Amino acid sequence: MLCTSGGWDPQVHLYAHGGAKLRYDSALGSFVPAEAIRTVICVGAANGHFDLESCLEDGRRAGDCRGDPRTAANAPPITHRDPPALAKPTALASQGRRDRRHLQWVDLAHDVSVCDIELAAAEGFGSVEHMKRYTTTGMGVDQGKTANVNALACLGRVTGRAPVQIGTTTFRPPYHPVTIGALAAGRTGELAQRYRRLPIRWHEANGAVMEDHAGWLRPAFYARAGESERAAIDREVRAARAAAALFDSSSLGKIEVCGRDAAEFLNRLYVNNVHTLASGRLRYAMMLNDNGIIRDDGVIGRLGEHHYLVNTSSAGALDTHFWMEEWRQCEWRSLEVWIVQQTAQWATLALSGPKARRVLAALEFQPDLAAFAHMRICETELDGEPCRLRRASFTGELCFEFDVAADRAEALWLRLLEAGAAHGITPIGMEALDVLRIEKGFWEVGVDTDGDTTALDVGWGPAIERKSGDFIGRRSLKRLAMQAPDRPQLVGLLPLDPRLEVPVGAHALGQGGTVEGHITSSCASPHLGRSIALGRIRAGHARKGEHVSLDIEGRQHAAVIVDPAFFDPNGARLHA
């Protein structure tokens with residue numbers, strides 16, 4: 001137990017910052033304002049009145065003075081009315097045995113004890129400002145807010161002076177009051193930070209439950225009458241696997257990189273070989289920081305000889321753009337490169353599922369979708385408007401992604417819903433997408449990775465070996481710690497009880513109860529009819545087939561380490 005002794009003190013720091021003097025009030029055991037200064041009038045608790053009636057009377061008196069500090073200072077004093085909860089000042093400094101005073105803490109922020117103040121006086125630092133600097137009491141962010149009264153009482157006892165003779169230290173800005181956000185207990189909503197909103201407003205009018213995802217307000221799932229959240233998510237997942245699913249992915253980062261040295265620039269930023277990427281092709285790419293830690297991922301598409309479109313994660317769109325500009329402007333200034341952030345200008349709609357081509361048959365545009373293979377990109381037109389078409393998938397199904405102007409997104413969304421009505425098209429939200437990507441073993445930056453996850457930990461060793469040139473983080477990946485065989489590595493986990501609900505963050509235990517890793521993503525797969533999970537397990541790549549125990553609320557549940565691709569591991573549906 002830690003006990004502190006003090007009483008109530010007026011918050012006079014802002015008043016003192018203006019150079020005003022304080023006086024010691026022996027009845028309160030506190031320093032209170034002593035004079036008028038410029039146009040500042042202290043009233044209420046700041047003037048040493050701690051009960052409601054005195055505060056109101058003091059405020060009325062200040063109002064009667066019409067804002068004149070001199071008139072307010074000369075007004076008759078107000079008699080203190082001590083509220084029942086007012087703690088009387090306690091002479092802490094005079095209590096306790098001498099051999100225990102090193103355990104009597106005066107300043108909890110700087111570990112100053114009664115013994116320290118006694119030593120300061122013995123060394124000749126009896127001035128309050130000297131004592132402050134000798135002991136560091138009341139320095140830093142504290143500026144006397146918590147320690148001053150007790151410290152001055154200690155100094156007065158040692159030097160035989162009353163507090164009024166000692167005075168107080170000089171308070172310096174900044175002074176940090178309680179924030180409005182703290183008073184509201186977090187109920188700040190969009191006053192704290194505005195949500196970024198998708199360009200399509202159809203979602204909210206059609207049962208979408210909107211949730212915050214990386215600062216974007218996005219549909220989590222689309223609820224139907226009488227349908228539970230679990231049932232809605234399962235319905236959306238089944239539609240994506242059996243028919244067609246429509247997903248609003250407009251928050252996906254879209255950054256154009258152009259110029260004679262664009263390929264070289266991206267080749268240095270990303271783990272992948274960008275030089276070998278042909279026009280009209282896409283390549284999944286990973287970006288590391290200087291320490292070899294995964295920073296972001298996405299796909300890079302080559303639109304022309306010196307023209308690339310970089311897709312980032314939704315959460316990383318802004319940071320990746322800033323990161324690119326930092327390297328372009330500060331480190332690689334000789335490269336001829338232009339970078340344009342276009343995330344908000346283009347909306348992205350993803351149509352996926354085995355019946356996706358049938359839905360698109362009703363739309364008239366090029367290219368020939370039958371010949372448009374996976375990981376291809378092209379620029380075309382749709383209804384006379386510019387459109388970018390990609391074959392990339394985060395669901396593991398045949399997928400077409402459309403980039404259209406943001407103000408054209410809702411019209412295209414409605415056209416796709418109309419064209420797909422006969423084929424069972426279903427809008428899906430973030431929760432269904434999460435299930436679909438876990439079934440495929442697709443990891444998500446910031447969810448299945450953290451500030452210690454490297455490209456090697458997620459199985460990218462062969463891709464790094466094929467990289468011909470240098471890239472940010474390559475040197476760090478050669479460190480012994482990064483190549484240690486017992487690093488936590490991404491794997492799949494199958495609970496032996498298929499109905500087990502596996503919470504994210506659950507520890508995986510080995511023999512003897514040692515922690516071997518933890519769960520990063522989990523779901524109940526309606527397609528597989530069981531629960532599945534992704535996790536980072538120590539030396540996990542070499543331990544497939546081995547059993548571990550999942551610690552869930554103090555109970556142990558067996559699970560087997562497997563390959564993270566639970567569904568269609570060869571990608572036959574993806575390349576359909």
# chains A, B, ... in the order shown; residues from 1 in each chain; ligands from 1
$ closest_atom_pairs --of "segment 199-283 of chain A" --to "segment 405-420 of chain A" --cutoff "9 Å" --atoms "only C-alpha atoms" --output "CSV"
residue,atom,partner,partner_atom,distance
A:Pro199,CA,A:Ala406,CA,5.9
A:Ile200,CA,A:Glu410,CA,5.1
A:Arg201,CA,A:Glu410,CA,7.5
A:Trp202,CA,A:Glu410,CA,7.3
A:Ala244,CA,A:Gly420,CA,7.5
A:Leu246,CA,A:Leu417,CA,7.9
A:Asp248,CA,A:Trp413,CA,8.5
A:Ser250,CA,A:Ala406,CA,8.4
$ residues_around --residues "Ile532 of chain A" --least-positions-apart "6" --cutoff "9 Å" --atoms "only C-alpha atoms" --output "ChimeraX atom specification"
/A:438-439,492-495,498,501-502,521-525,566
$ write_last_selection --atoms "N, CA and C atoms" --output "PDB file, in the first residue's frame"
ATOM      1  N   ILE A 438      -9.317 -16.311 -44.230  1.00  0.00           N
ATOM      2  CA  ILE A 438      -8.731 -17.275 -43.290  1.00  0.00           C
ATOM      3  C   ILE A 438      -8.815 -18.677 -43.871  1.00  0.00           C
ATOM      4  N   GLU A 439      -9.928 -19.029 -44.522  1.00  0.00           N
ATOM      5  CA  GLU A 439     -10.044 -20.337 -45.162  1.00  0.00           C
ATOM      6  C   GLU A 439      -8.926 -20.559 -46.178  1.00  0.00           C
ATOM      7  N   GLY A 492      -1.187 -22.712 -39.825  1.00  0.00           N
ATOM      8  CA  GLY A 492      -2.589 -22.959 -39.551  1.00  0.00           C
ATOM      9  C   GLY A 492      -2.732 -23.871 -38.335  1.00  0.00           C
ATOM     10  N   LEU A 493      -3.871 -23.791 -37.674  1.00  0.00           N
ATOM     11  CA  LEU A 493      -4.151 -24.653 -36.526  1.00  0.00           C
ATOM     12  C   LEU A 493      -5.568 -25.186 -36.623  1.00  0.00           C
ATOM     13  N   LEU A 494      -5.703 -26.497 -36.438  1.00  0.00           N
ATOM     14  CA  LEU A 494      -7.004 -27.157 -36.453  1.00  0.00           C
ATOM     15  C   LEU A 494      -7.290 -27.720 -35.063  1.00  0.00           C
ATOM     16  N   PRO A 495      -8.253 -27.149 -34.328  1.00  0.00           N
ATOM     17  CA  PRO A 495      -8.628 -27.739 -33.040  1.00  0.00           C
ATOM     18  C   PRO A 495      -9.194 -29.141 -33.261  1.00  0.00           C
ATOM     19  N   PRO A 498     -13.954 -29.752 -33.476  1.00  0.00           N
ATOM     20  CA  PRO A 498     -14.277 -28.852 -34.592  1.00  0.00           C
ATOM     21  C   PRO A 498     -15.232 -27.734 -34.222  1.00  0.00           C
ATOM     22  N   GLU A 501     -14.700 -22.693 -30.200  1.00  0.00           N
ATOM     23  CA  GLU A 501     -14.523 -21.293 -30.541  1.00  0.00           C
ATOM     24  C   GLU A 501     -13.158 -20.842 -30.027  1.00  0.00           C
ATOM     25  N   VAL A 502     -12.290 -20.483 -30.950  1.00  0.00           N
ATOM     26  CA  VAL A 502     -10.913 -20.141 -30.596  1.00  0.00           C
ATOM     27  C   VAL A 502     -10.776 -18.617 -30.575  1.00  0.00           C
ATOM     28  N   SER A 521      -5.688 -15.131 -35.949  1.00  0.00           N
ATOM     29  CA  SER A 521      -7.001 -15.042 -36.614  1.00  0.00           C
ATOM     30  C   SER A 521      -7.727 -16.360 -36.420  1.00  0.00           C
ATOM     31  N   SER A 522      -9.033 -16.321 -36.297  1.00  0.00           N
ATOM     32  CA  SER A 522      -9.807 -17.557 -36.169  1.00  0.00           C
ATOM     33  C   SER A 522     -11.229 -17.312 -36.641  1.00  0.00           C
ATOM     34  N   CYS A 523     -11.909 -18.382 -37.013  1.00  0.00           N
ATOM     35  CA  CYS A 523     -13.298 -18.269 -37.444  1.00  0.00           C
ATOM     36  C   CYS A 523     -13.930 -19.648 -37.437  1.00  0.00           C
ATOM     37  N   ALA A 524     -15.261 -19.640 -37.523  1.00  0.00           N
ATOM     38  CA  ALA A 524     -16.020 -20.868 -37.764  1.00  0.00           C
ATOM     39  C   ALA A 524     -16.342 -20.906 -39.243  1.00  0.00           C
ATOM     40  N   SER A 525     -15.763 -21.848 -39.973  1.00  0.00           N
ATOM     41  CA  SER A 525     -15.928 -21.908 -41.418  1.00  0.00           C
ATOM     42  C   SER A 525     -17.196 -22.673 -41.775  1.00  0.00           C
ATOM     43  N   PHE A 566      -6.408 -23.785 -45.777  1.00  0.00           N
ATOM     44  CA  PHE A 566      -7.372 -24.817 -45.408  1.00  0.00           C
ATOM     45  C   PHE A 566      -8.261 -25.209 -46.586  1.00  0.00           C
TER      46      PHE A 566
END
$ residues_around --residues "Thr520 of chain A" --least-positions-apart "2" --cutoff "12 Å" --atoms "only C-alpha atoms" --output "compact mmCIF listing (two decimals) with C-alpha atoms, in the first residue's frame"
# COMPACT_ATOMS: atom_id res chain seq x y z
CA ILE A 438 -8.73 -17.27 -43.29
CA GLY A 441 -4.68 -18.88 -45.35
CA PHE A 442 -4.31 -15.29 -46.54
CA TRP A 443 -2.71 -13.33 -43.73
CA GLU A 444 -3.48 -9.67 -42.99
CA VAL A 445 -0.89 -7.05 -42.06
CA GLY A 446 -1.40 -5.82 -38.51
CA VAL A 447 -3.64 -8.76 -37.67
CA ASP A 448 -1.48 -11.81 -38.32
CA THR A 449 1.70 -9.75 -38.12
CA ASP A 450 3.06 -7.38 -35.51
CA PRO A 488 7.41 -17.43 -34.31
CA GLN A 489 6.21 -18.38 -37.79
CA LEU A 490 2.77 -18.23 -39.40
CA VAL A 491 0.93 -21.58 -39.58
CA GLY A 492 -2.59 -22.96 -39.55
CA LEU A 493 -4.15 -24.65 -36.53
CA VAL A 502 -10.91 -20.14 -30.60
CA PRO A 503 -10.42 -16.56 -29.37
CA VAL A 504 -7.79 -14.42 -31.03
CA GLY A 505 -4.83 -14.05 -28.69
CA ALA A 506 -5.20 -17.48 -27.09
CA HIS A 507 -1.82 -18.95 -26.18
CA ALA A 508 -0.55 -22.16 -27.75
CA GLY A 517 2.91 -18.87 -29.71
CA HIS A 518 -0.57 -17.40 -30.03
CA SER A 522 -9.81 -17.56 -36.17
CA CYS A 523 -13.30 -18.27 -37.44
CA ILE A 532 -10.01 -22.97 -38.05
CA ALA A 533 -7.27 -20.59 -36.99
CA LEU A 534 -4.04 -18.92 -38.03
CA GLY A 535 -1.29 -18.38 -35.52
CA ARG A 536 2.37 -17.61 -35.02
CA ILE A 537 4.07 -20.63 -33.47
CA PRO A 564 -2.41 -22.31 -43.37
$ residues_around --residues "His557 of chain A" --least-positions-apart "6" --cutoff "9 Å" --atoms "only C-alpha atoms" --output "ChimeraX atom specification"
/A:495-497,500,548-551
$ write_last_selection --atoms "C-alpha atoms" --output "short mmCIF file (atom, residue, chain, number, x, y, z; two decimals), in the first residue's frame"
data_model
loop_
_atom_site.label_atom_id
_atom_site.label_comp_id
_atom_site.auth_asym_id
_atom_site.auth_seq_id
_atom_site.Cartn_x
_atom_site.Cartn_y
_atom_site.Cartn_z
CA PRO A 495 -8.63 -27.74 -33.04
CA LEU A 496 -9.41 -31.42 -32.51
CA ASP A 497 -12.85 -30.29 -31.34
CA LEU A 500 -14.37 -25.09 -30.44
CA VAL A 548 -0.13 -28.10 -29.20
CA SER A 549 -2.60 -27.08 -26.49
CA LEU A 550 -4.72 -23.95 -26.80
CA ASP A 551 -5.22 -22.23 -23.46
#
$ select_by_dssp --residues "segment 278-483 of chain A" --states "alpha helix (DSSP H)" --output "PyMOL selection string"
chain A and resi 317-326+356-360+409-420+430-440+461-466+474-477
$ write_last_selection --atoms "N, CA and C atoms" --output "CSV table (one decimal), in the first residue's frame"
chain,number,residue,atom,x,y,z
A,317,ALA,N,-2.7,2.9,-46.6
A,317,ALA,CA,-2.7,3.8,-47.8
A,317,ALA,C,-1.9,5.1,-47.6
A,318,LEU,N,-2.3,5.8,-46.5
A,318,LEU,CA,-1.7,7.1,-46.2
A,318,LEU,C,-0.2,6.9,-45.8
A,319,ASP,N,0.1,6.0,-44.9
A,319,ASP,CA,1.4,5.8,-44.4
A,319,ASP,C,2.4,5.4,-45.5
A,320,THR,N,1.9,4.5,-46.4
A,320,THR,CA,2.7,4.0,-47.5
A,320,THR,C,3.1,5.2,-48.5
A,321,HIS,N,2.1,6.0,-48.7
A,321,HIS,CA,2.3,7.2,-49.6
A,321,HIS,C,3.4,8.1,-48.9
A,322,PHE,N,3.3,8.4,-47.6
A,322,PHE,CA,4.3,9.2,-47.0
A,322,PHE,C,5.7,8.5,-47.0
A,323,TRP,N,5.7,7.2,-46.8
A,323,TRP,CA,6.9,6.5,-46.8
A,323,TRP,C,7.6,6.6,-48.2
A,324,MET,N,6.8,6.4,-49.2
A,324,MET,CA,7.3,6.6,-50.6
A,324,MET,C,7.9,8.0,-50.8
A,325,GLU,N,7.2,9.0,-50.4
A,325,GLU,CA,7.6,10.3,-50.6
A,325,GLU,C,8.9,10.6,-49.8
A,326,GLU,N,9.0,10.1,-48.6
A,326,GLU,CA,10.2,10.3,-47.8
A,326,GLU,C,11.5,9.8,-48.6
A,356,ALA,N,-19.2,-15.3,-61.3
A,356,ALA,CA,-18.9,-13.9,-61.6
A,356,ALA,C,-18.9,-13.5,-63.1
A,357,ARG,N,-18.5,-14.5,-63.9
A,357,ARG,CA,-18.5,-14.2,-65.4
A,357,ARG,C,-19.9,-14.1,-65.9
A,358,ARG,N,-20.8,-14.9,-65.4
A,358,ARG,CA,-22.2,-14.8,-65.9
A,358,ARG,C,-22.8,-13.4,-65.5
A,359,VAL,N,-22.4,-12.9,-64.4
A,359,VAL,CA,-22.9,-11.6,-64.0
A,359,VAL,C,-22.4,-10.5,-64.9
A,360,LEU,N,-21.1,-10.6,-65.3
A,360,LEU,CA,-20.5,-9.6,-66.1
A,360,LEU,C,-20.9,-9.7,-67.6
A,409,ALA,N,-19.4,5.1,-58.6
A,409,ALA,CA,-19.4,3.8,-58.0
A,409,ALA,C,-20.8,3.3,-57.7
A,410,GLU,N,-21.7,4.1,-57.2
A,410,GLU,CA,-23.0,3.6,-56.8
A,410,GLU,C,-23.8,3.1,-58.0
A,411,ALA,N,-23.6,3.8,-59.1
A,411,ALA,CA,-24.3,3.4,-60.3
A,411,ALA,C,-23.8,2.0,-60.8
A,412,LEU,N,-22.5,1.8,-60.7
A,412,LEU,CA,-22.0,0.5,-61.1
A,412,LEU,C,-22.4,-0.6,-60.1
A,413,TRP,N,-22.4,-0.2,-58.8
A,413,TRP,CA,-22.9,-1.2,-57.8
A,413,TRP,C,-24.3,-1.7,-58.1
A,414,LEU,N,-25.2,-0.7,-58.4
A,414,LEU,CA,-26.6,-1.1,-58.6
A,414,LEU,C,-26.7,-1.9,-59.9
A,415,ARG,N,-25.9,-1.6,-60.9
A,415,ARG,CA,-25.9,-2.4,-62.2
A,415,ARG,C,-25.5,-3.8,-61.9
A,416,LEU,N,-24.5,-4.0,-61.1
A,416,LEU,CA,-24.0,-5.3,-60.8
A,416,LEU,C,-25.0,-6.1,-60.0
A,417,LEU,N,-25.6,-5.5,-59.1
A,417,LEU,CA,-26.7,-6.2,-58.3
A,417,LEU,C,-27.8,-6.6,-59.2
A,418,GLU,N,-28.2,-5.7,-60.1
A,418,GLU,CA,-29.3,-6.0,-61.1
A,418,GLU,C,-28.9,-7.2,-62.0
A,419,ALA,N,-27.7,-7.1,-62.5
A,419,ALA,CA,-27.2,-8.2,-63.5
A,419,ALA,C,-27.0,-9.5,-62.7
A,420,GLY,N,-26.7,-9.5,-61.5
A,420,GLY,CA,-26.5,-10.7,-60.7
A,420,GLY,C,-27.6,-11.3,-60.0
A,430,MET,N,-17.2,-7.1,-44.2
A,430,MET,CA,-15.8,-7.3,-43.7
A,430,MET,C,-15.8,-8.7,-42.9
A,431,GLU,N,-16.8,-9.0,-42.2
A,431,GLU,CA,-16.8,-10.3,-41.4
A,431,GLU,C,-16.7,-11.5,-42.3
A,432,ALA,N,-17.5,-11.5,-43.4
A,432,ALA,CA,-17.5,-12.6,-44.4
A,432,ALA,C,-16.1,-12.7,-45.1
A,433,LEU,N,-15.6,-11.5,-45.5
A,433,LEU,CA,-14.3,-11.4,-46.1
A,433,LEU,C,-13.2,-12.0,-45.2
A,434,ASP,N,-13.4,-11.8,-43.9
A,434,ASP,CA,-12.4,-12.3,-43.0
A,434,ASP,C,-12.4,-13.8,-43.0
A,435,VAL,N,-13.6,-14.4,-43.0
A,435,VAL,CA,-13.7,-15.9,-43.0
A,435,VAL,C,-13.2,-16.4,-44.3
A,436,LEU,N,-13.5,-15.8,-45.4
A,436,LEU,CA,-13.0,-16.3,-46.7
A,436,LEU,C,-11.5,-16.3,-46.8
A,437,ARG,N,-10.9,-15.2,-46.3
A,437,ARG,CA,-9.4,-15.1,-46.4
A,437,ARG,C,-8.7,-16.1,-45.4
A,438,ILE,N,-9.3,-16.3,-44.2
A,438,ILE,CA,-8.7,-17.3,-43.3
A,438,ILE,C,-8.8,-18.7,-43.9
A,439,GLU,N,-9.9,-19.0,-44.5
A,439,GLU,CA,-10.0,-20.3,-45.2
A,439,GLU,C,-8.9,-20.6,-46.2
A,440,LYS,N,-8.5,-19.5,-46.9
A,440,LYS,CA,-7.5,-19.6,-47.8
A,440,LYS,C,-6.1,-19.5,-47.2
A,461,GLY,N,11.0,-16.7,-47.7
A,461,GLY,CA,12.4,-17.0,-47.9
A,461,GLY,C,12.7,-17.2,-49.4
A,462,PRO,N,12.0,-18.1,-50.1
A,462,PRO,CA,12.3,-18.4,-51.5
A,462,PRO,C,12.1,-17.1,-52.4
A,463,ALA,N,11.1,-16.3,-52.1
A,463,ALA,CA,10.9,-15.1,-52.9
A,463,ALA,C,12.1,-14.1,-52.7
A,464,ILE,N,12.6,-14.0,-51.5
A,464,ILE,CA,13.8,-13.2,-51.3
A,464,ILE,C,15.0,-13.7,-52.0
A,465,GLU,N,15.2,-15.0,-52.0
A,465,GLU,CA,16.3,-15.5,-52.7
A,465,GLU,C,16.3,-15.2,-54.2
A,466,ARG,N,15.1,-15.1,-54.8
A,466,ARG,CA,15.0,-14.9,-56.2
A,466,ARG,C,15.2,-13.4,-56.5
A,474,ARG,N,16.6,-5.7,-46.5
A,474,ARG,CA,17.3,-6.9,-46.9
A,474,ARG,C,18.5,-7.2,-46.0
A,475,ARG,N,19.3,-6.2,-45.7
A,475,ARG,CA,20.4,-6.4,-44.8
A,475,ARG,C,20.0,-6.9,-43.4
A,476,SER,N,18.9,-6.3,-42.9
A,476,SER,CA,18.5,-6.7,-41.6
A,476,SER,C,18.0,-8.2,-41.5
A,477,LEU,N,17.5,-8.7,-42.7
A,477,LEU,CA,17.0,-10.1,-42.7
A,477,LEU,C,18.2,-11.0,-42.6
$ closest_atom_pairs --of "segment 361-418 of chain A" --to "segment 286-308 of chain A" --cutoff "12 Å" --atoms "only C-alpha atoms" --output "JSON lines"
{"residue": "A:Met375", "atom": "CA", "partner": "A:Gly301", "partner_atom": "CA", "distance": 8.6}
{"residue": "A:Arg376", "atom": "CA", "partner": "A:Gly301", "partner_atom": "CA", "distance": 7.9}
{"residue": "A:Ile377", "atom": "CA", "partner": "A:Gly301", "partner_atom": "CA", "distance": 6.4}
{"residue": "A:Cys378", "atom": "CA", "partner": "A:Leu303", "partner_atom": "CA", "distance": 6.9}
{"residue": "A:Glu379", "atom": "CA", "partner": "A:Leu303", "partner_atom": "CA", "distance": 7.5}
{"residue": "A:Thr380", "atom": "CA", "partner": "A:Leu303", "partner_atom": "CA", "distance": 11.2}
{"residue": "A:Arg388", "atom": "CA", "partner": "A:Leu303", "partner_atom": "CA", "distance": 9.7}
{"residue": "A:Leu389", "atom": "CA", "partner": "A:Gly301", "partner_atom": "CA", "distance": 10.5}
{"residue": "A:Arg390", "atom": "CA", "partner": "A:Gly301", "partner_atom": "CA", "distance": 8.6}
{"residue": "A:Arg391", "atom": "CA", "partner": "A:Gly301", "partner_atom": "CA", "distance": 10.5}
{"residue": "A:Ala392", "atom": "CA", "partner": "A:Val299", "partner_atom": "CA", "distance": 8.2}
{"residue": "A:Ser393", "atom": "CA", "partner": "A:Val299", "partner_atom": "CA", "distance": 10.3}
{"residue": "A:Phe394", "atom": "CA", "partner": "A:Gly298", "partner_atom": "CA", "distance": 10.4}
$ write_last_selection --atoms "C-alpha atoms" --output "PDB file, in the first residue's frame"
ATOM      1  CA  MET A 375      -3.171 -11.363 -61.966  1.00  0.00           C
ATOM      2  CA  ARG A 376      -3.887  -9.264 -65.068  1.00  0.00           C
ATOM      3  CA  ILE A 377      -4.731  -5.557 -65.198  1.00  0.00           C
ATOM      4  CA  CYS A 378      -5.973  -3.279 -67.974  1.00  0.00           C
ATOM      5  CA  GLU A 379      -7.377   0.167 -68.541  1.00  0.00           C
ATOM      6  CA  THR A 380     -10.716   0.206 -70.330  1.00  0.00           C
ATOM      7  CA  ARG A 388      -9.445  -0.162 -64.482  1.00  0.00           C
ATOM      8  CA  LEU A 389     -10.007  -3.883 -64.324  1.00  0.00           C
ATOM      9  CA  ARG A 390      -7.945  -6.318 -62.235  1.00  0.00           C
ATOM     10  CA  ARG A 391      -7.980 -10.055 -61.680  1.00  0.00           C
ATOM     11  CA  ALA A 392      -6.849 -10.285 -58.073  1.00  0.00           C
ATOM     12  CA  SER A 393      -8.588 -12.025 -55.211  1.00  0.00           C
ATOM     13  CA  PHE A 394      -8.662 -11.889 -51.420  1.00  0.00           C
TER      14      PHE A 394
END
$ atom_distance --atom1 "atom CA of Glu397 of chain A" --atom2 "atom CA of Thr454 of chain A"
27.5 Å
$ residues_around --residues "Glu364 of chain A" --least-positions-apart "2" --cutoff "8 Å" --atoms "only C-alpha atoms" --output "VMD selection string"
chain A and resid 361 to 362 366 382 to 383
$ atom_distance --atom1 "atom CA of Ala243 of chain A" --atom2 "atom CA of Asp403 of chain A"
22.2 Å
$ residues_around --residues "Asp486 of chain A" --least-positions-apart "6" --cutoff "10 Å" --atoms "only C-alpha atoms" --output "ChimeraX atom specification"
/A:516,537-542
$ write_last_selection --atoms "N, CA and C atoms" --output "PDB file, in the first residue's frame"
ATOM      1  N   GLU A 516       4.252 -21.450 -26.731  1.00  0.00           N
ATOM      2  CA  GLU A 516       4.884 -21.656 -28.030  1.00  0.00           C
ATOM      3  C   GLU A 516       4.440 -20.633 -29.068  1.00  0.00           C
ATOM      4  N   ILE A 537       3.563 -19.603 -34.376  1.00  0.00           N
ATOM      5  CA  ILE A 537       4.068 -20.632 -33.471  1.00  0.00           C
ATOM      6  C   ILE A 537       5.584 -20.712 -33.615  1.00  0.00           C
ATOM      7  N   ARG A 538       6.244 -20.891 -32.513  1.00  0.00           N
ATOM      8  CA  ARG A 538       7.698 -21.000 -32.525  1.00  0.00           C
ATOM      9  C   ARG A 538       8.147 -22.147 -33.426  1.00  0.00           C
ATOM     10  N   ALA A 539       9.002 -21.806 -34.426  1.00  0.00           N
ATOM     11  CA  ALA A 539       9.498 -22.785 -35.406  1.00  0.00           C
ATOM     12  C   ALA A 539       8.356 -23.530 -36.079  1.00  0.00           C
ATOM     13  N   GLY A 540       7.256 -22.817 -36.324  1.00  0.00           N
ATOM     14  CA  GLY A 540       6.031 -23.454 -36.811  1.00  0.00           C
ATOM     15  C   GLY A 540       6.167 -24.123 -38.163  1.00  0.00           C
ATOM     16  N   HIS A 541       7.000 -23.579 -39.066  1.00  0.00           N
ATOM     17  CA  HIS A 541       7.101 -24.155 -40.413  1.00  0.00           C
ATOM     18  C   HIS A 541       7.625 -25.586 -40.383  1.00  0.00           C
ATOM     19  N   ALA A 542       8.436 -25.909 -39.395  1.00  0.00           N
ATOM     20  CA  ALA A 542       9.015 -27.249 -39.304  1.00  0.00           C
ATOM     21  C   ALA A 542       8.213 -28.164 -38.377  1.00  0.00           C
TER      22      ALA A 542
END
$ atom_distance --atom1 "atom CA of Thr168 of chain A" --atom2 "atom CA of Ser54 of chain A"
25.4 Å
